[in-house]
There are 2 protein chains.
Amino acid sequence: MEKQEAVNQGLELVNSSTIAMLGTNGEDGFPHIKAMLKMVNQGLKKIWFSTNTSSKRVEQIKKNPKVCVYFVDPNEFKGLMLVGNIKILQDKSSRQRLWREGFERYYPLGVDDPDYSVLCFTGLWGNFYHSLSNIDFEI
Amino acid sequence: MEKQEAVNQGLELVNSSTIAMLGTNGEDGFPHIKAMLKMVNQGLKKIWFSTNTSSKRVEQIKKNPKVCVYFVDPNEFKGLMLVGNIKILQDKSSRQRLWREGFERYYPLGVDDPDYSVLCFTGLWGNFYHSLSNIDFEI
């Protein structure tokens, strides 16, 4: 598999996925994983998520912004791992951009709820595999 | 949600899952994630996987056995994270126990292929969530 094909197929997987797995550095040196709703993406370079400011994830990211984001299609044996850094955003425009109908369930005070944060992931490199083909690429 | 209910529901999720996400400590301090076929489990305490000895995963585990294993049901907003340590096994009995029809595709030399390894995860603690309920428990 060529790099460009891996990027194209990886992007297809991102665009068809509703969730992504976020890998963070947890306490005591153990990695942690949590499924997140994939909200908005700009190619493979930037991915935005929404989250509770009070969540364990945000606490971990404040201490260490090194993360990975993983997408998988288990039926096709396809997977994409993106490795990079993540930022916690609380500005009005990011909050409004990510806000969706029904989010009051998670953030009862609405778009200005202090417990509502946006995460912005920036990819450095990725790995895409399909069956036995496997390729690393820079983003 | 009570602890026992979380463990029971977590176990149901493990038993109904064919894949698990394995979180490892990658290079340069970034966490890595890879989907693995869930092969055999003993409650939530032990989970066995098969893998290529030459894989990046095995290299990472040799340096650092601290991992997590994650199961998700995205339709039901359910997820289980198990945190613990993982060992690389190459003894005959573990290899035979995990061997399945068709594995020649991954390990062409068969059950004794030096590139065939078994991973045994031992859980220390877990977190189960369903919708907005979320609970940590010891294993």
# chains A, B, ... in the order shown; residues from 1 in each chain; ligands from 1
call {"tool": "select_by_dssp", "arguments": {"residues": "chain B", "states": "helix (DSSP H, G or I)", "output": "ChimeraX atom specification"}}
result
/B:3-16,27-29,56-63,92-98,103-105,110-112
call {"tool": "interface_residues", "arguments": {"of": "chain B", "to": "chain A", "cutoff": "9 Å", "atoms": "only C-alpha atoms", "output": "JSON, numbers by chain"}}
result
{"B": [18, 19, 21, 22, 23, 24, 25, 29, 30, 31, 32, 33, 34, 35, 66, 67, 68, 69, 70, 72, 74, 77, 79, 80, 81, 82, 83, 84, 85, 106, 132]}
call {"tool": "write_last_selection", "arguments": {"atoms": "C-alpha atoms", "output": "compact mmCIF listing (two decimals), in the first residue's frame"}}
result
# COMPACT_ATOMS: atom_id res chain seq x y z
CA THR B 18 -15.12 -10.26 19.05
CA ILE B 19 -12.51 -7.51 19.24
CA MET B 21 -8.76 -2.35 21.75
CA LEU B 22 -5.31 -2.77 23.31
CA GLY B 23 -3.72 0.42 24.66
CA THR B 24 0.08 0.38 25.04
CA ASN B 25 2.80 2.90 25.85
CA GLY B 29 5.50 9.02 25.52
CA PHE B 30 2.48 8.75 23.21
CA PRO B 31 -0.16 6.08 23.95
CA HIS B 32 -0.95 3.67 21.10
CA ILE B 33 -4.13 1.71 20.32
CA LYS B 34 -4.67 -1.39 18.19
CA ALA B 35 -7.74 -3.57 17.71
CA LYS B 66 1.45 -1.57 31.52
CA VAL B 67 -1.57 -1.64 29.20
CA CYS B 68 -5.33 -1.27 29.05
CA VAL B 69 -7.94 -3.30 27.21
CA TYR B 70 -11.12 -1.58 26.04
CA VAL B 72 -17.18 -0.77 23.42
CA PRO B 74 -21.24 2.27 20.45
CA PHE B 77 -23.18 3.86 24.76
CA GLY B 79 -17.80 0.77 27.40
CA LEU B 80 -15.47 -1.22 29.62
CA MET B 81 -11.83 -0.34 30.28
CA LEU B 82 -9.63 -2.88 32.04
CA VAL B 83 -6.24 -1.68 33.30
CA GLY B 84 -3.41 -4.07 34.09
CA ASN B 85 -0.25 -5.81 32.92
CA TYR B 106 -0.66 -14.79 9.94
CA LEU B 132 -24.24 8.69 32.10
call {"tool": "closest_residue", "arguments": {"among": "A:Trp99, A:Lys63, A:Glu5, A:Glu138", "to": "Thr122 in chain A", "atoms": "only C-alpha atoms"}}
result
A:Glu138
call {"tool": "select_by_dssp", "arguments": {"residues": "chain B", "states": "strand (DSSP E)", "output": "NGL selection string"}}
result
:B and (19-25 or 31-37 or 40-42 or 46-52 or 66-73 or 78-89 or 116-130 or 133-138)
call {"tool": "residues_around", "arguments": {"residues": "range 90-95 of chain B", "least_positions_apart": "5", "cutoff": "10 Å", "atoms": "only C-alpha atoms", "output": "list in words"}}
result
Trp48, Ser50, Thr53, Arg100, Gly110, Val111, Asp112, Asp113, Pro114, Asp115, Tyr116, Ser117, Val118, Leu119 and Cys120 of chain B
call {"tool": "closest_residue", "arguments": {"among": "B:Asn52, B:Asn41, B:Leu98, B:Met1", "to": "Leu13 in chain B", "atoms": "only C-alpha atoms"}}
result
B:Asn41
call {"tool": "atom_distance", "arguments": {"atom1": "CA of Gly43 in chain B", "atom2": "CA of Ile86 in chain B"}}
result
15.7 Å
call {"tool": "decode", "arguments": {"residues": "range 81-123 of chain B", "atoms": "N, CA and C atoms", "output": "JSON list (two decimals), in the first residue's frame"}}
result
[["chain", "number", "residue", "atom", "x", "y", "z"],
["B", 81, "MET", "N", -13.29, -0.42, 30.35],
["B", 81, "MET", "CA", -11.83, -0.34, 30.28],
["B", 81, "MET", "C", -11.25, -1.18, 31.40],
["B", 82, "LEU", "N", -10.34, -2.07, 31.05],
["B", 82, "LEU", "CA", -9.63, -2.88, 32.04],
["B", 82, "LEU", "C", -8.17, -2.44, 32.02],
["B", 83, "VAL", "N", -7.61, -2.19, 33.19],
["B", 83, "VAL", "CA", -6.24, -1.68, 33.30],
["B", 83, "VAL", "C", -5.40, -2.74, 34.01],
["B", 84, "GLY", "N", -4.23, -3.05, 33.45],
["B", 84, "GLY", "CA", -3.41, -4.07, 34.09],
["B", 84, "GLY", "C", -2.11, -4.29, 33.35],
["B", 85, "ASN", "N", -1.54, -5.47, 33.52],
["B", 85, "ASN", "CA", -0.25, -5.81, 32.92],
["B", 85, "ASN", "C", -0.41, -6.95, 31.94],
["B", 86, "ILE", "N", 0.50, -7.01, 30.97],
["B", 86, "ILE", "CA", 0.38, -8.03, 29.94],
["B", 86, "ILE", "C", 1.72, -8.75, 29.79],
["B", 87, "LYS", "N", 1.64, -10.05, 29.53],
["B", 87, "LYS", "CA", 2.84, -10.87, 29.38],
["B", 87, "LYS", "C", 2.88, -11.51, 28.00],
["B", 88, "ILE", "N", 4.09, -11.69, 27.48],
["B", 88, "ILE", "CA", 4.27, -12.38, 26.20],
["B", 88, "ILE", "C", 4.59, -13.84, 26.50],
["B", 89, "LEU", "N", 3.78, -14.75, 25.97],
["B", 89, "LEU", "CA", 3.98, -16.18, 26.21],
["B", 89, "LEU", "C", 4.34, -16.88, 24.91],
["B", 90, "GLN", "N", 5.26, -17.83, 25.00],
["B", 90, "GLN", "CA", 5.60, -18.60, 23.80],
["B", 90, "GLN", "C", 5.67, -20.09, 24.09],
["B", 91, "ASP", "N", 5.13, -20.50, 25.23],
["B", 91, "ASP", "CA", 5.15, -21.93, 25.55],
["B", 91, "ASP", "C", 4.15, -22.69, 24.67],
["B", 92, "LYS", "N", 4.47, -23.93, 24.46],
["B", 92, "LYS", "CA", 3.70, -24.79, 23.56],
["B", 92, "LYS", "C", 2.20, -24.82, 23.93],
["B", 93, "SER", "N", 1.94, -24.95, 25.21],
["B", 93, "SER", "CA", 0.55, -25.15, 25.61],
["B", 93, "SER", "C", -0.29, -23.88, 25.38],
["B", 94, "SER", "N", 0.30, -22.69, 25.63],
["B", 94, "SER", "CA", -0.44, -21.44, 25.35],
["B", 94, "SER", "C", -0.67, -21.28, 23.85],
["B", 95, "ARG", "N", 0.37, -21.60, 23.06],
["B", 95, "ARG", "CA", 0.25, -21.49, 21.61],
["B", 95, "ARG", "C", -0.86, -22.40, 21.09],
["B", 96, "GLN", "N", -0.87, -23.63, 21.58],
["B", 96, "GLN", "CA", -1.88, -24.58, 21.09],
["B", 96, "GLN", "C", -3.28, -24.17, 21.52],
["B", 97, "ARG", "N", -3.39, -23.66, 22.72],
["B", 97, "ARG", "CA", -4.70, -23.26, 23.26],
["B", 97, "ARG", "C", -5.34, -22.15, 22.42],
["B", 98, "LEU", "N", -4.49, -21.23, 21.93],
["B", 98, "LEU", "CA", -5.01, -20.07, 21.18],
["B", 98, "LEU", "C", -5.11, -20.31, 19.68],
["B", 99, "TRP", "N", -4.49, -21.35, 19.18],
["B", 99, "TRP", "CA", -4.43, -21.58, 17.74],
["B", 99, "TRP", "C", -5.82, -21.82, 17.15],
["B", 100, "ARG", "N", -6.10, -21.17, 16.01],
["B", 100, "ARG", "CA", -7.39, -21.35, 15.33],
["B", 100, "ARG", "C", -7.15, -21.70, 13.87],
["B", 101, "GLU", "N", -8.16, -22.32, 13.27],
["B", 101, "GLU", "CA", -8.10, -22.64, 11.85],
["B", 101, "GLU", "C", -7.89, -21.35, 11.06],
["B", 102, "GLY", "N", -6.98, -21.39, 10.10],
["B", 102, "GLY", "CA", -6.76, -20.20, 9.27],
["B", 102, "GLY", "C", -5.63, -19.32, 9.76],
["B", 103, "PHE", "N", -5.08, -19.62, 10.94],
["B", 103, "PHE", "CA", -4.00, -18.79, 11.49],
["B", 103, "PHE", "C", -2.72, -18.86, 10.65],
["B", 104, "GLU", "N", -2.64, -19.87, 9.77],
["B", 104, "GLU", "CA", -1.47, -19.97, 8.88],
["B", 104, "GLU", "C", -1.31, -18.68, 8.06],
["B", 105, "ARG", "N", -2.40, -17.99, 7.86],
["B", 105, "ARG", "CA", -2.35, -16.73, 7.12],
["B", 105, "ARG", "C", -1.41, -15.73, 7.81],
["B", 106, "TYR", "N", -1.47, -15.73, 9.15],
["B", 106, "TYR", "CA", -0.66, -14.79, 9.94],
["B", 106, "TYR", "C", 0.68, -15.40, 10.36],
["B", 107, "TYR", "N", 0.66, -16.73, 10.58],
["B", 107, "TYR", "CA", 1.85, -17.44, 11.09],
["B", 107, "TYR", "C", 2.08, -18.64, 10.17],
["B", 108, "PRO", "N", 2.77, -18.39, 9.02],
["B", 108, "PRO", "CA", 2.85, -19.42, 7.97],
["B", 108, "PRO", "C", 3.49, -20.73, 8.42],
["B", 109, "LEU", "N", 4.35, -20.69, 9.47],
["B", 109, "LEU", "CA", 5.02, -21.92, 9.89],
["B", 109, "LEU", "C", 4.17, -22.73, 10.89],
["B", 110, "GLY", "N", 2.96, -22.29, 11.12],
["B", 110, "GLY", "CA", 2.07, -23.06, 12.00],
["B", 110, "GLY", "C", 2.28, -22.75, 13.47],
["B", 111, "VAL", "N", 1.79, -23.65, 14.32],
["B", 111, "VAL", "CA", 1.73, -23.40, 15.76],
["B", 111, "VAL", "C", 3.13, -23.18, 16.38],
["B", 112, "ASP", "N", 4.17, -23.68, 15.71],
["B", 112, "ASP", "CA", 5.53, -23.48, 16.23],
["B", 112, "ASP", "C", 6.26, -22.29, 15.57],
["B", 113, "ASP", "N", 5.56, -21.55, 14.72],
["B", 113, "ASP", "CA", 6.16, -20.39, 14.05],
["B", 113, "ASP", "C", 6.74, -19.45, 15.11],
["B", 114, "PRO", "N", 8.04, -19.12, 15.03],
["B", 114, "PRO", "CA", 8.61, -18.20, 16.04],
["B", 114, "PRO", "C", 7.94, -16.82, 16.01],
["B", 115, "ASP", "N", 7.27, -16.50, 14.90],
["B", 115, "ASP", "CA", 6.59, -15.20, 14.83],
["B", 115, "ASP", "C", 5.19, -15.24, 15.45],
["B", 116, "TYR", "N", 4.82, -16.37, 16.04],
["B", 116, "TYR", "CA", 3.51, -16.50, 16.70],
["B", 116, "TYR", "C", 3.70, -16.40, 18.22],
["B", 117, "SER", "N", 3.08, -15.40, 18.82],
["B", 117, "SER", "CA", 3.14, -15.25, 20.29],
["B", 117, "SER", "C", 1.74, -15.12, 20.86],
["B", 118, "VAL", "N", 1.63, -15.42, 22.13],
["B", 118, "VAL", "CA", 0.37, -15.26, 22.86],
["B", 118, "VAL", "C", 0.58, -14.14, 23.87],
["B", 119, "LEU", "N", -0.43, -13.29, 24.01],
["B", 119, "LEU", "CA", -0.38, -12.24, 25.04],
["B", 119, "LEU", "C", -1.38, -12.58, 26.12],
["B", 120, "CYS", "N", -0.97, -12.50, 27.37],
["B", 120, "CYS", "CA", -1.90, -12.75, 28.49],
["B", 120, "CYS", "C", -2.00, -11.50, 29.35],
["B", 121, "PHE", "N", -3.18, -10.91, 29.35],
["B", 121, "PHE", "CA", -3.46, -9.69, 30.13],
["B", 121, "PHE", "C", -4.03, -10.07, 31.48],
["B", 122, "THR", "N", -3.55, -9.42, 32.54],
["B", 122, "THR", "CA", -4.11, -9.61, 33.88],
["B", 122, "THR", "C", -4.62, -8.26, 34.40],
["B", 123, "GLY", "N", -5.92, -8.18, 34.66],
["B", 123, "GLY", "CA", -6.54, -6.92, 35.07],
["B", 123, "GLY", "C", -6.33, -6.59, 36.54]]
